[in-house]
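Participant: Handing over target-v7.cif, mmCIF, C-alpha atoms.
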data_input
loop_
_atom_site.label_atom_id
_atom_site.label_comp_id
_atom_site.auth_asym_id
_atom_site.auth_seq_id
_atom_site.Cartn_x
_atom_site.Cartn_y
_atom_site.Cartn_z
CA MET A 1 0.00 0.00 0.00
CA TYR A 2 1.09 3.60 0.40
CA ALA A 3 2.61 2.26 3.58
CA GLN A 4 4.28 -1.07 2.88
CA MET A 5 6.07 -3.35 5.30
CA VAL A 6 5.77 -0.96 8.19
CA LYS A 7 7.78 -2.48 10.97
CA SER A 8 5.69 -2.84 14.07
CA GLU A 9 7.43 -1.98 17.32
CA ALA A 10 7.34 -4.33 20.24
CA THR A 11 6.27 -2.70 23.43
CA ARG A 12 7.54 -3.27 26.95
CA GLU A 13 5.27 -1.50 29.30
CA ASP A 14 3.03 -1.86 32.31
CA PRO A 15 0.78 -4.82 31.40
CA GLU A 16 -2.16 -3.22 33.16
CA LYS A 17 -1.87 -0.02 31.11
CA LEU A 18 -1.43 -2.07 27.96
CA ALA A 19 -4.55 -4.09 28.69
CA ALA A 20 -6.59 -0.96 29.37
CA PHE A 21 -5.31 0.55 26.14
CA GLN A 22 -6.20 -2.56 24.16
CA ALA A 23 -9.65 -2.59 25.76
CA ARG A 24 -10.27 0.95 24.56
CA ILE A 25 -9.30 -0.04 21.04
CA ASP A 26 -11.41 -3.19 21.14
CA ALA A 27 -14.37 -1.08 22.27
CA GLY A 28 -13.92 1.06 19.16
CA GLU A 29 -12.77 4.16 21.01
CA LYS A 30 -10.47 6.59 19.25
CA ILE A 31 -7.06 7.30 20.72
CA GLU A 32 -6.30 11.03 20.76
CA PRO A 33 -2.88 12.73 20.88
CA LYS A 34 -2.84 13.41 24.62
CA ASP A 35 -4.09 9.98 25.66
CA TRP A 36 -1.66 7.44 27.04
CA MET A 37 -0.40 5.08 24.36
CA PRO A 38 2.31 2.41 24.25
CA ALA A 39 5.62 3.65 22.86
CA GLY A 40 5.39 0.95 20.19
CA TYR A 41 2.00 2.21 19.02
CA ARG A 42 3.38 5.74 18.76
CA LYS A 43 6.51 4.67 16.89
CA THR A 44 4.71 2.36 14.49
CA LEU A 45 2.17 5.05 13.70
CA ILE A 46 4.83 7.68 13.06
CA ARG A 47 6.49 5.27 10.67
CA GLN A 48 3.24 4.30 8.94
CA ILE A 49 1.62 7.73 8.67
CA GLY A 50 4.98 9.24 7.70
CA GLN A 51 5.47 6.70 4.95
CA HIS A 52 1.93 7.30 3.77
CA ALA A 53 2.54 11.08 3.69
CA HIS A 54 5.84 10.67 1.84
CA SER A 55 4.06 8.52 -0.75
CA GLU A 56 1.54 11.27 -1.40
CA ILE A 57 4.33 13.80 -1.87
CA VAL A 58 6.62 11.65 -4.03
CA GLY A 59 3.51 10.42 -5.84
CA GLN A 60 3.15 13.87 -7.37
CA LEU A 61 6.27 13.33 -9.46
CA PRO A 62 5.19 10.61 -11.93
CA GLU A 63 2.03 12.59 -12.74
CA GLY A 64 3.66 15.99 -12.61
CA ASN A 65 5.73 14.62 -15.47
CA TRP A 66 2.71 14.95 -17.79
CA ILE A 67 1.11 18.22 -16.73
CA THR A 68 2.80 20.29 -19.41
CA ARG A 69 2.14 17.63 -22.04
CA ALA A 70 -1.53 16.84 -21.36
CA PRO A 71 -3.42 16.44 -24.64
CA THR A 72 -6.05 19.12 -23.95
CA LEU A 73 -6.43 22.14 -21.71
CA GLU A 74 -9.19 20.35 -19.82
CA ARG A 75 -7.06 17.27 -19.16
CA LYS A 76 -4.27 19.53 -18.04
CA ALA A 77 -6.52 21.34 -15.55
CA ILE A 78 -7.81 18.00 -14.23
CA LEU A 79 -4.32 16.56 -13.82
CA LEU A 80 -3.14 19.72 -12.13
CA ALA A 81 -6.03 19.52 -9.66
CA LYS A 82 -5.28 15.88 -9.00
CA VAL A 83 -1.61 16.51 -8.31
CA GLN A 84 -2.54 19.42 -6.06
CA ASP A 85 -4.82 17.05 -4.13
CA GLU A 86 -1.88 14.70 -3.58
CA ALA A 87 0.07 17.55 -2.02
CA GLY A 88 -2.93 18.23 0.22
CA HIS A 89 -3.18 14.58 1.19
CA GLY A 90 0.48 14.59 2.13
CA LEU A 91 -0.10 17.64 4.32
CA TYR A 92 -3.12 16.14 6.13
CA LEU A 93 -1.04 13.09 6.92
CA TYR A 94 2.07 14.97 8.02
CA CYS A 95 -0.12 16.90 10.45
CA ALA A 96 -1.52 13.64 11.82
CA ALA A 97 2.02 12.28 12.27
CA GLU A 98 3.10 15.47 13.99
CA THR A 99 0.52 15.00 16.74
CA LEU A 100 2.63 12.01 17.80
CA GLY A 101 5.66 14.13 18.62
CA VAL A 102 7.73 14.34 15.47
CA THR A 103 8.21 17.59 13.57
CA ARG A 104 7.49 18.24 9.92
CA ASP A 105 11.08 19.01 9.03
CA GLU A 106 12.30 15.87 10.78
CA LEU A 107 9.90 13.78 8.72
CA THR A 108 11.03 15.50 5.53
CA GLU A 109 14.68 14.95 6.36
CA MET A 110 14.08 11.27 7.05
CA LEU A 111 12.49 10.94 3.61
CA LEU A 112 15.32 12.82 1.94
CA ASP A 113 18.15 10.84 3.49
CA GLY A 114 16.42 7.50 2.98
CA ARG A 115 15.66 6.66 6.61
CA MET A 116 11.96 6.60 5.77
CA LYS A 117 10.37 4.99 2.74
CA TYR A 118 7.57 5.79 0.34
CA SER A 119 5.47 3.39 -1.72
CA SER A 120 7.36 1.24 -4.23
CA ILE A 121 4.88 2.16 -6.98
CA PHE A 122 6.27 5.65 -7.42
CA ASN A 123 9.63 4.30 -8.51
CA TYR A 124 8.20 3.31 -11.86
CA PRO A 125 8.33 5.75 -14.77
CA THR A 126 5.32 7.26 -16.55
CA LEU A 127 6.25 6.84 -20.19
CA THR A 128 3.11 7.84 -22.10
CA TRP A 129 -0.10 9.78 -21.59
CA ALA A 130 -1.95 6.48 -21.13
CA ASP A 131 0.07 6.04 -17.94
CA MET A 132 -1.91 8.93 -16.46
CA GLY A 133 -4.98 6.78 -17.00
CA ALA A 134 -3.36 3.65 -15.57
CA VAL A 135 -2.04 5.47 -12.52
CA GLY A 136 -5.40 7.01 -11.64
CA TRP A 137 -7.32 3.83 -12.32
CA LEU A 138 -4.95 1.26 -10.81
CA VAL A 139 -2.68 3.06 -8.37
CA ASP A 140 -5.36 5.28 -6.87
CA GLY A 141 -7.75 2.34 -7.06
CA ALA A 142 -5.37 0.24 -5.00
CA ALA A 143 -4.85 3.10 -2.57
CA ILE A 144 -8.61 3.46 -2.06
CA MET A 145 -8.85 -0.25 -1.18
CA ASN A 146 -6.58 0.38 1.77
CA GLN A 147 -7.70 3.86 2.72
CA VAL A 148 -11.41 3.21 3.00
CA PRO A 149 -11.03 0.74 5.89
CA LEU A 150 -8.36 2.96 7.47
CA GLN A 151 -11.02 5.60 8.04
CA ARG A 152 -11.93 3.40 11.02
CA THR A 153 -8.38 3.21 12.37
CA SER A 154 -7.94 3.64 16.12
CA TYR A 155 -5.83 6.81 16.04
CA GLY A 156 -8.15 9.83 15.82
CA PRO A 157 -6.00 12.23 13.78
CA TYR A 158 -5.09 9.48 11.31
CA SER A 159 -8.72 8.46 10.94
CA ARG A 160 -9.79 12.05 10.30
CA ALA A 161 -7.06 12.52 7.70
CA MET A 162 -8.19 9.34 5.94
CA ILE A 163 -11.80 10.53 5.89
CA ARG A 164 -10.78 13.76 4.17
CA ILE A 165 -8.58 11.87 1.74
CA CYS A 166 -11.22 9.31 0.82
CA LYS A 167 -13.68 12.08 0.01
CA GLU A 168 -11.27 13.35 -2.62
CA GLU A 169 -9.75 10.11 -3.83
CA SER A 170 -12.71 8.86 -5.84
CA PHE A 171 -12.23 11.76 -8.28
CA HIS A 172 -8.68 10.52 -8.84
CA GLN A 173 -9.66 7.04 -9.81
CA ARG A 174 -12.54 8.13 -12.01
CA GLN A 175 -10.49 10.68 -13.94
CA GLY A 176 -7.91 7.93 -14.55
CA TYR A 177 -10.52 5.51 -15.79
CA ALA A 178 -11.95 8.26 -18.03
CA VAL A 179 -8.50 8.67 -19.61
CA MET A 180 -8.33 4.90 -20.14
CA MET A 181 -11.79 4.81 -21.74
CA LYS A 182 -10.85 7.56 -24.15
CA MET A 183 -7.61 5.81 -25.12
CA ALA A 184 -9.19 2.35 -25.36
CA GLN A 185 -11.93 3.67 -27.64
CA GLY A 186 -9.48 5.65 -29.76
CA THR A 187 -7.33 4.68 -32.72
CA PRO A 188 -5.60 1.26 -32.70
CA ALA A 189 -2.38 3.03 -31.75
CA GLN A 190 -4.07 4.74 -28.81
CA LYS A 191 -5.63 1.49 -27.66
CA ALA A 192 -2.24 -0.20 -27.87
CA MET A 193 -0.84 2.57 -25.71
CA ALA A 194 -3.54 1.93 -23.11
CA GLN A 195 -2.81 -1.81 -23.18
CA ASN A 196 0.89 -1.11 -22.78
CA ALA A 197 0.22 1.07 -19.74
CA LEU A 198 -1.90 -1.67 -18.16
CA ASN A 199 0.86 -4.20 -18.89
CA ARG A 200 3.46 -2.11 -17.10
CA PHE A 201 1.34 -1.03 -14.11
CA TRP A 202 -0.56 -4.24 -13.33
CA PHE A 203 2.03 -6.07 -11.23
CA PRO A 204 3.54 -2.99 -9.59
CA SER A 205 -0.03 -2.13 -8.51
CA LEU A 206 -0.44 -5.58 -6.94
CA MET A 207 2.84 -5.02 -5.10
CA MET A 208 1.39 -1.93 -3.45
CA PHE A 209 -0.41 -4.14 -0.95
CA GLY A 210 2.89 -5.48 0.34
CA PRO A 211 4.21 -9.03 0.59
CA SER A 212 2.00 -12.05 0.96
CA ASP A 213 0.51 -12.61 4.42
CA LYS A 214 2.74 -15.59 5.03
CA ASP A 215 5.78 -13.29 4.68
CA SER A 216 4.26 -10.33 6.43
CA VAL A 217 5.68 -10.36 9.93
CA HIS A 218 4.34 -7.11 11.28
CA SER A 219 0.65 -7.58 10.67
CA ALA A 220 -0.61 -9.14 13.90
CA GLN A 221 0.33 -6.33 16.30
CA SER A 222 -0.76 -3.61 13.89
CA MET A 223 -4.09 -5.33 13.33
CA ALA A 224 -4.67 -5.68 17.07
CA TRP A 225 -4.00 -1.97 17.41
CA LYS A 226 -6.33 -1.24 14.46
CA ILE A 227 -3.74 0.65 12.53
CA LYS A 228 -3.91 -2.01 9.86
CA MET A 229 -7.44 -3.13 9.12
CA ASN A 230 -7.05 -5.93 6.56
CA THR A 231 -4.30 -8.31 5.59
CA ASN A 232 -2.27 -7.64 2.45
CA ASP A 233 -3.71 -10.66 0.63
CA GLU A 234 -7.30 -9.79 1.48
CA LEU A 235 -6.93 -6.34 -0.03
CA ARG A 236 -5.03 -7.61 -3.06
CA GLN A 237 -7.77 -10.14 -3.79
CA LYS A 238 -10.42 -7.46 -3.44
CA PHE A 239 -8.52 -5.20 -5.80
CA VAL A 240 -8.17 -7.89 -8.48
CA ASP A 241 -11.85 -8.84 -8.22
CA GLN A 242 -12.88 -5.25 -8.66
CA THR A 243 -10.41 -4.35 -11.40
CA VAL A 244 -10.65 -7.28 -13.82
CA PRO A 245 -14.22 -6.49 -14.95
CA GLN A 246 -13.20 -2.86 -15.40
CA ALA A 247 -10.38 -3.98 -17.72
CA GLU A 248 -12.84 -6.14 -19.63
CA TYR A 249 -15.13 -3.17 -20.11
CA LEU A 250 -12.21 -1.28 -21.62
CA GLY A 251 -11.51 -4.20 -23.96
CA LEU A 252 -8.02 -4.52 -22.50
CA THR A 253 -6.29 -7.68 -21.34
CA VAL A 254 -4.87 -8.07 -17.87
CA PRO A 255 -1.26 -9.26 -18.41
CA ASP A 256 -1.68 -12.49 -16.46
CA GLU A 257 -2.23 -15.73 -18.37
CA THR A 258 -3.15 -17.57 -15.19
CA LEU A 259 -5.97 -15.18 -14.36
CA LYS A 260 -9.15 -17.20 -13.94
CA TRP A 261 -12.47 -16.87 -12.13
CA ASN A 262 -12.69 -19.29 -9.24
CA GLU A 263 -16.33 -20.05 -8.56
CA ASP A 264 -15.62 -21.75 -5.23
CA LYS A 265 -13.92 -18.81 -3.61
CA GLY A 266 -16.00 -16.25 -5.48
CA GLY A 267 -12.92 -14.44 -6.69
CA TYR A 268 -10.18 -14.57 -9.29
CA ASP A 269 -7.09 -16.75 -9.11
CA PHE A 270 -4.15 -14.65 -10.23
CA ALA A 271 -0.38 -14.67 -10.46
CA GLU A 272 1.71 -13.19 -7.67
CA PRO A 273 3.93 -10.29 -8.64
CA ASP A 274 7.68 -10.83 -8.80
CA TRP A 275 8.59 -10.34 -5.15
CA ASP A 276 12.31 -10.20 -5.88
CA GLU A 277 11.62 -7.14 -7.99
CA PHE A 278 9.55 -5.67 -5.17
CA PHE A 279 12.33 -6.07 -2.62
CA GLU A 280 14.85 -4.58 -5.04
CA VAL A 281 12.63 -1.52 -5.53
CA ILE A 282 12.18 -1.17 -1.76
CA LYS A 283 15.94 -1.36 -1.34
CA GLY A 284 16.36 1.56 -3.70
CA ASN A 285 17.08 -0.24 -6.96
CA GLY A 286 13.86 0.47 -8.87
CA PRO A 287 13.90 2.27 -12.21
CA CYS A 288 13.32 5.74 -10.71
CA ASN A 289 14.38 5.63 -7.04
CA THR A 290 17.45 7.78 -7.58
CA GLU A 291 15.62 10.30 -9.72
CA ARG A 292 12.68 10.63 -7.31
CA LEU A 293 14.83 11.25 -4.26
CA ALA A 294 17.14 13.58 -6.16
CA THR A 295 14.12 15.62 -7.25
CA ARG A 296 12.77 15.87 -3.70
CA ASN A 297 16.22 16.78 -2.36
CA LYS A 298 16.67 19.48 -4.96
CA ALA A 299 13.25 20.96 -4.20
CA TRP A 300 14.10 21.02 -0.48
CA ASP A 301 17.54 22.57 -1.03
CA ASP A 302 16.32 25.10 -3.60
CA GLY A 303 13.48 26.12 -1.30
CA LYS A 304 15.68 26.75 1.72
CA TRP A 305 16.11 30.47 1.07
CA VAL A 306 12.36 30.88 0.75
CA ARG A 307 11.66 29.07 4.03
CA ASP A 308 14.38 31.02 5.83
CA GLY A 309 13.42 34.32 4.24
CA LEU A 310 9.74 34.05 5.15
CA LEU A 311 10.59 33.07 8.69
CA ALA A 312 13.00 36.00 9.05
CA HIS A 313 10.35 38.35 7.67
CA ALA A 314 7.72 37.01 10.07
CA GLU A 315 10.06 37.40 13.02
CA LYS A 316 10.98 40.94 12.01
CA LYS A 317 7.32 41.90 11.69
CA ALA A 318 6.50 40.33 15.06
CA ALA A 319 9.37 42.18 16.73
CA ARG A 320 8.19 45.49 15.26
CA GLN A 321 4.69 44.89 16.52
CA VAL A 322 5.98 44.20 20.01
CA ALA A 323 8.05 47.39 19.85
CA ALA A 324 5.03 49.42 18.74
CA GLU A 325 2.81 48.15 21.56
CA MET B 1 3.68 22.36 21.51
CA SER B 2 5.39 23.11 24.76
CA SER B 3 3.06 24.10 27.58
CA PRO B 4 1.66 21.27 29.70
CA ASN B 5 -1.85 22.32 28.69
CA SER B 6 -1.26 22.45 24.95
CA ALA B 7 -3.42 20.51 22.52
CA TYR B 8 -0.61 18.11 21.73
CA PRO B 9 1.51 16.03 24.06
CA ASP B 10 5.12 16.50 24.88
CA THR B 11 6.81 13.21 24.22
CA PRO B 12 10.07 12.09 25.78
CA GLU B 13 11.74 12.31 22.37
CA GLN B 14 10.62 15.88 21.99
CA THR B 15 11.72 17.25 25.31
CA THR B 16 15.24 15.88 24.97
CA LYS B 17 15.72 17.13 21.44
CA PRO B 18 17.16 20.55 20.73
CA LYS B 19 14.48 22.99 19.62
CA ARG B 20 14.38 23.35 15.87
CA HIS B 21 13.84 26.51 13.90
CA GLU B 22 10.80 25.54 11.84
CA TRP B 23 7.72 27.33 10.61
CA PRO B 24 5.22 27.23 13.46
CA LEU B 25 2.14 25.02 13.45
CA TRP B 26 -1.26 26.66 12.97
CA GLU B 27 -4.66 25.21 13.69
CA VAL B 28 -7.26 25.91 11.01
CA PHE B 29 -10.96 26.57 11.59
CA ILE B 30 -13.39 26.88 8.70
CA ARG B 31 -16.96 28.11 8.47
CA GLY B 32 -18.94 26.01 6.03
CA GLN B 33 -21.52 27.60 3.81
CA HIS B 34 -24.53 26.96 5.99
CA GLY B 35 -24.27 29.62 8.64
CA MET B 36 -22.51 27.24 10.99
CA SER B 37 -19.79 28.17 13.43
CA HIS B 38 -16.13 27.78 12.53
CA ARG B 39 -15.02 24.20 12.92
CA HIS B 40 -11.56 22.76 13.40
CA VAL B 41 -10.46 21.05 10.19
CA GLY B 42 -6.76 20.42 10.70
CA SER B 43 -3.45 22.15 10.93
CA LEU B 44 -0.60 23.37 8.76
CA HIS B 45 2.73 25.17 8.90
CA ALA B 46 3.26 28.77 7.88
CA PRO B 47 5.68 31.55 8.80
CA ASP B 48 2.94 33.99 9.84
CA ALA B 49 -0.83 34.42 10.09
CA GLU B 50 -1.22 35.89 6.63
CA MET B 51 0.52 32.94 4.99
CA ALA B 52 -1.34 30.53 7.24
CA ILE B 53 -4.66 31.80 5.86
CA LYS B 54 -3.39 31.57 2.28
CA ASN B 55 -2.13 28.05 2.87
CA ALA B 56 -5.37 27.07 4.62
CA ARG B 57 -7.29 28.20 1.56
CA ASP B 58 -5.18 25.89 -0.64
CA VAL B 59 -5.10 22.94 1.71
CA TYR B 60 -8.59 22.94 3.21
CA THR B 61 -10.98 24.68 0.81
CA ARG B 62 -10.18 23.24 -2.62
CA ARG B 63 -13.80 22.16 -3.04
CA ASN B 64 -15.85 25.03 -1.69
CA GLU B 65 -15.71 23.75 1.87
CA GLY B 66 -15.84 27.16 3.41
CA VAL B 67 -16.65 30.86 3.35
CA SER B 68 -14.42 31.98 6.19
CA ILE B 69 -11.12 30.87 7.71
CA TRP B 70 -9.66 31.31 11.18
CA VAL B 71 -6.10 30.36 12.01
CA VAL B 72 -4.44 30.33 15.40
CA GLU B 73 -0.95 29.28 16.29
CA ALA B 74 -1.11 25.86 17.96
CA ARG B 75 1.01 26.97 20.90
CA HIS B 76 -1.67 29.49 21.89
CA ILE B 77 -4.28 26.80 22.41
CA SER B 78 -4.92 25.60 25.94
CA ALA B 79 -6.47 22.19 26.27
CA SER B 80 -8.05 20.18 29.03
CA SER B 81 -6.20 17.05 29.94
CA PRO B 82 -7.57 13.52 29.43
CA SER B 83 -7.14 12.80 33.15
CA ASP B 84 -9.60 15.61 33.97
CA LYS B 85 -12.35 13.79 32.13
CA GLY B 86 -14.01 12.58 35.34
CA PRO B 87 -14.08 15.79 37.39
CA LEU B 88 -15.03 17.88 34.34
CA TYR B 89 -17.82 15.88 32.77
CA GLU B 90 -19.23 13.47 35.31
CA PRO B 91 -21.16 16.12 37.29
CA SER B 92 -23.47 16.73 34.32
CA GLU B 93 -24.34 13.06 34.00
CA SER B 94 -26.53 13.14 37.11
CA LYS B 95 -28.47 16.23 36.10
CA VAL B 96 -31.09 14.68 33.87
CA TYR B 97 -33.51 17.55 34.61
CA ARG B 98 -31.41 19.70 32.30
CA HIS B 99 -33.00 17.88 29.40
CA PRO B 100 -36.54 18.71 28.25
CA THR B 101 -37.52 15.03 28.16
CA PHE B 102 -37.28 14.94 31.98
CA PHE B 103 -40.65 16.67 32.23
CA ASP B 104 -43.91 14.95 31.36
CA ILE B 105 -46.32 17.41 29.87
CA PRO B 106 -49.87 16.13 29.24
CA GLU B 107 -50.80 15.79 25.59
CA ASP B 108 -53.80 18.06 26.15
CA VAL B 109 -51.45 20.97 26.66
CA GLY B 110 -50.34 20.72 23.07
CA ALA B 111 -46.91 21.12 21.55
CA MET B 112 -44.30 22.52 23.88
#
Turn this file's structure into structure tokens for me.

Facilitator:
Amino acid sequence: MYAQMVKSEATREDPEKLAAFQARIDAGEKIEPKDWMPAGYRKTLIRQIGQHAHSEIVGQLPEGNWITRAPTLERKAILLAKVQDEAGHGLYLYCAAETLGVTRDELTEMLLDGRMKYSSIFNYPTLTWADMGAVGWLVDGAAIMNQVPLQRTSYGPYSRAMIRICKEESFHQRQGYAVMMKMAQGTPAQKAMAQNALNRFWFPSLMMFGPSDKDSVHSAQSMAWKIKMNTNDELRQKFVDQTVPQAEYLGLTVPDETLKWNEDKGGYDFAEPDWDEFFEVIKGNGPCNTERLATRNKAWDDGKWVRDGLLAHAEKKAARQVAAE
Amino acid sequence: MSSPNSAYPDTPEQTTKPKRHEWPLWEVFIRGQHGMSHRHVGSLHAPDAEMAIKNARDVYTRRNEGVSIWVVEARHISASSPSDKGPLYEPSESKVYRHPTFFDIPEDVGAM
């Protein structure tokens, strides 16, 4: 997902406090910033919400790549609005993470020096305009699968951020699917472009949900704490079941020869993505890892004088006001 | 986020770390279009109040969510503490007569 393989922290604390905390969560209560929480809960959430926020921010880059080359003014305005939303989503999430006692700049620095991760999906390039369709349809579609249940997560600020995000996310997926429809109903060359985009984004989208449950070591604690609501495989299955008919409607072929409806389980059987590739991308060896981080670092460095300048100006103004009073 | 009564907690990590020179945190309150009061919607960073309002417009009202914005620096907010929950709110639980449904008014009297 936008937060993959988030390491869950073990917690060594007063068993009585831990039990009371777990009871609150089991009763469906929300945990708020000033409430007592286990150190492991706090740390895991900072890592997870931070990674989610970083994904929203880095996720602007593959789509930003096409803003100036959108085929019409309308498409350009739509894409611009979508990318602006991603920035907003990143900001909602950073604010939620900050309520746990980490500062914004610390989070940014941890992204920039590689101590924190962002979703593997954004390390793939966007080669054609059809990729804007595939990203909205598949990548945002996969994100929604995870984010809808997270609206019920136990941590109040995270839950509220997810509610805001989900309200806006549906536009993202629909605009992507609209791009795909246009391409799939276009000339043979345009349809081929749409098929090519689906071919390249299918498996990376499946990877977004993280490794298979049998290899996912951090799930149990996070699920007990309700900061992870479904297992990786559950969500992946749900995504495939929802997406395959949408591909059929487009007249496109999902690039998986083993894909088959399984009547007994009421879902599709499908091929696992190449997990070796996934772990390589996570390690930093995907097609665009270097470029993405370099771009974020440059933006941060180039913006330093603006941040410093505005702060100096604000302090000068405040000092003058104090002097005048 | 420093006073003991602030809206956010001081964590052990925070109190031991050197203070950083960052844009301050602002809490954002927005009035929706229906004559409602301003409601807390989230927070953001900005160097001063003017920029905080501009940023709030971009971050929190991209879809006509509001007609008016308030911002206040987070460190100026005082908050009650979770441990005060009992003393603060329990007294009102026993005062059922504060609710109109406590009183039985005969139907003959008509709507009241």

Participant: Exactly which residues make up the result of the PyMOL selection byres ((chain A and resi 169) around 9) on this file, given as number ranges by chain?

Facilitator: A: 82, 85, 140-141, 143-144, 164-168, 170-174

Participant: Could you list, as a PyMOL selection string, every residue within 12 Å of stretch 282-288 of chain A, counting only C-alpha atoms and ignoring same-chain residues fewer than 2 positions away?

Facilitator: chain A and resi 3-6+58-59+61-62+113-127+204+207-208+210-211+275-280+290-295

Participant: Expressed in Å to a single decimal, how great is the separation between atom CA of A:Gly267 and atom CA of A:Phe209?

Facilitator: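 Result for atom CA of A:Gly267 versus atom CA of A:Phe209: 17.2 Å, one decimal.
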
Participant: Name the residues that the PyMOL selection byres ((chain B and resi 53) around 12) pulls out of this structure, and write them as number ranges by chain.

Facilitator: B: 26-30, 43-52, 54-61, 68-73

Participant: Take the residues from that selection and write them out as a PDB file, keeping the file's coordinate frame, keeping C-alpha atoms.

Facilitator:
ATOM      1  CA  TRP B  26      -1.260  26.660  12.970  1.00  0.00           C
ATOM      2  CA  GLU B  27      -4.660  25.210  13.690  1.00  0.00           C
ATOM      3  CA  VAL B  28      -7.260  25.910  11.010  1.00  0.00           C
ATOM      4  CA  PHE B  29     -10.960  26.570  11.590  1.00  0.00           C
ATOM      5  CA  ILE B  30     -13.390  26.880   8.700  1.00  0.00           C
ATOM      6  CA  SER B  43      -3.450  22.150  10.930  1.00  0.00           C
ATOM      7  CA  LEU B  44      -0.600  23.370   8.760  1.00  0.00           C
ATOM      8  CA  HIS B  45       2.730  25.170   8.900  1.00  0.00           C
ATOM      9  CA  ALA B  46       3.260  28.770   7.880  1.00  0.00           C
ATOM     10  CA  PRO B  47       5.680  31.550   8.800  1.00  0.00           C
ATOM     11  CA  ASP B  48       2.940  33.990   9.840  1.00  0.00           C
ATOM     12  CA  ALA B  49      -0.830  34.420  10.090  1.00  0.00           C
ATOM     13  CA  GLU B  50      -1.220  35.890   6.630  1.00  0.00           C
ATOM     14  CA  MET B  51       0.520  32.940   4.990  1.00  0.00           C
ATOM     15  CA  ALA B  52      -1.340  30.530   7.240  1.00  0.00           C
ATOM     16  CA  LYS B  54      -3.390  31.570   2.280  1.00  0.00           C
ATOM     17  CA  ASN B  55      -2.130  28.050   2.870  1.00  0.00           C
ATOM     18  CA  ALA B  56      -5.370  27.070   4.620  1.00  0.00           C
ATOM     19  CA  ARG B  57      -7.290  28.200   1.560  1.00  0.00           C
ATOM     20  CA  ASP B  58      -5.180  25.890  -0.640  1.00  0.00           C
ATOM     21  CA  VAL B  59      -5.100  22.940   1.710  1.00  0.00           C
ATOM     22  CA  TYR B  60      -8.590  22.940   3.210  1.00  0.00           C
ATOM     23  CA  THR B  61     -10.980  24.680   0.810  1.00  0.00           C
ATOM     24  CA  SER B  68     -14.420  31.980   6.190  1.00  0.00           C
ATOM     25  CA  ILE B  69     -11.120  30.870   7.710  1.00  0.00           C
ATOM     26  CA  TRP B  70      -9.660  31.310  11.180  1.00  0.00           C
ATOM     27  CA  VAL B  71      -6.100  30.360  12.010  1.00  0.00           C
ATOM     28  CA  VAL B  72      -4.440  30.330  15.400  1.00  0.00           C
ATOM     29  CA  GLU B  73      -0.950  29.280  16.290  1.00  0.00           C
TER      30      GLU B  73
END

Participant: Given the file shown, determine the residues that the PyMOL selection byres ((chain A and resi 231) around 12) selects; report them as JSON, numbers by chain.

Facilitator: {"A": [1, 4, 5, 145, 146, 149, 209, 210, 211, 212, 213, 214, 215, 216, 217, 218, 219, 220, 221, 222, 223, 224, 226, 227, 228, 229, 230, 232, 233, 234, 235, 236, 237, 238]}

Participant: Output C-alpha atoms for every residue in that selection, as a PDB file, keeping the file's coordinate frame.

Facilitator:
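Contents of part.pdb, freshly written:
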ATOM      1  CA  MET A   1       0.000   0.000   0.000  1.00  0.00           C
ATOM      2  CA  GLN A   4       4.280  -1.070   2.880  1.00  0.00           C
ATOM      3  CA  MET A   5       6.070  -3.350   5.300  1.00  0.00           C
ATOM      4  CA  MET A 145      -8.850  -0.250  -1.180  1.00  0.00           C
ATOM      5  CA  ASN A 146      -6.580   0.380   1.770  1.00  0.00           C
ATOM      6  CA  PRO A 149     -11.030   0.740   5.890  1.00  0.00           C
ATOM      7  CA  PHE A 209      -0.410  -4.140  -0.950  1.00  0.00           C
ATOM      8  CA  GLY A 210       2.890  -5.480   0.340  1.00  0.00           C
ATOM      9  CA  PRO A 211       4.210  -9.030   0.590  1.00  0.00           C
ATOM     10  CA  SER A 212       2.000 -12.050   0.960  1.00  0.00           C
ATOM     11  CA  ASP A 213       0.510 -12.610   4.420  1.00  0.00           C
ATOM     12  CA  LYS A 214       2.740 -15.590   5.030  1.00  0.00           C
ATOM     13  CA  ASP A 215       5.780 -13.290   4.680  1.00  0.00           C
ATOM     14  CA  SER A 216       4.260 -10.330   6.430  1.00  0.00           C
ATOM     15  CA  VAL A 217       5.680 -10.360   9.930  1.00  0.00           C
ATOM     16  CA  HIS A 218       4.340  -7.110  11.280  1.00  0.00           C
ATOM     17  CA  SER A 219       0.650  -7.580  10.670  1.00  0.00           C
ATOM     18  CA  ALA A 220      -0.610  -9.140  13.900  1.00  0.00           C
ATOM     19  CA  GLN A 221       0.330  -6.330  16.300  1.00  0.00           C
ATOM     20  CA  SER A 222      -0.760  -3.610  13.890  1.00  0.00           C
ATOM     21  CA  MET A 223      -4.090  -5.330  13.330  1.00  0.00           C
ATOM     22  CA  ALA A 224      -4.670  -5.680  17.070  1.00  0.00           C
ATOM     23  CA  LYS A 226      -6.330  -1.240  14.460  1.00  0.00           C
ATOM     24  CA  ILE A 227      -3.740   0.650  12.530  1.00  0.00           C
ATOM     25  CA  LYS A 228      -3.910  -2.010   9.860  1.00  0.00           C
ATOM     26  CA  MET A 229      -7.440  -3.130   9.120  1.00  0.00           C
ATOM     27  CA  ASN A 230      -7.050  -5.930   6.560  1.00  0.00           C
ATOM     28  CA  ASN A 232      -2.270  -7.640   2.450  1.00  0.00           C
ATOM     29  CA  ASP A 233      -3.710 -10.660   0.630  1.00  0.00           C
ATOM     30  CA  GLU A 234      -7.300  -9.790   1.480  1.00  0.00           C
ATOM     31  CA  LEU A 235      -6.930  -6.340  -0.030  1.00  0.00           C
ATOM     32  CA  ARG A 236      -5.030  -7.610  -3.060  1.00  0.00           C
ATOM     33  CA  GLN A 237      -7.770 -10.140  -3.790  1.00  0.00           C
ATOM     34  CA  LYS A 238     -10.420  -7.460  -3.440  1.00  0.00           C
TER      35      LYS A 238
END
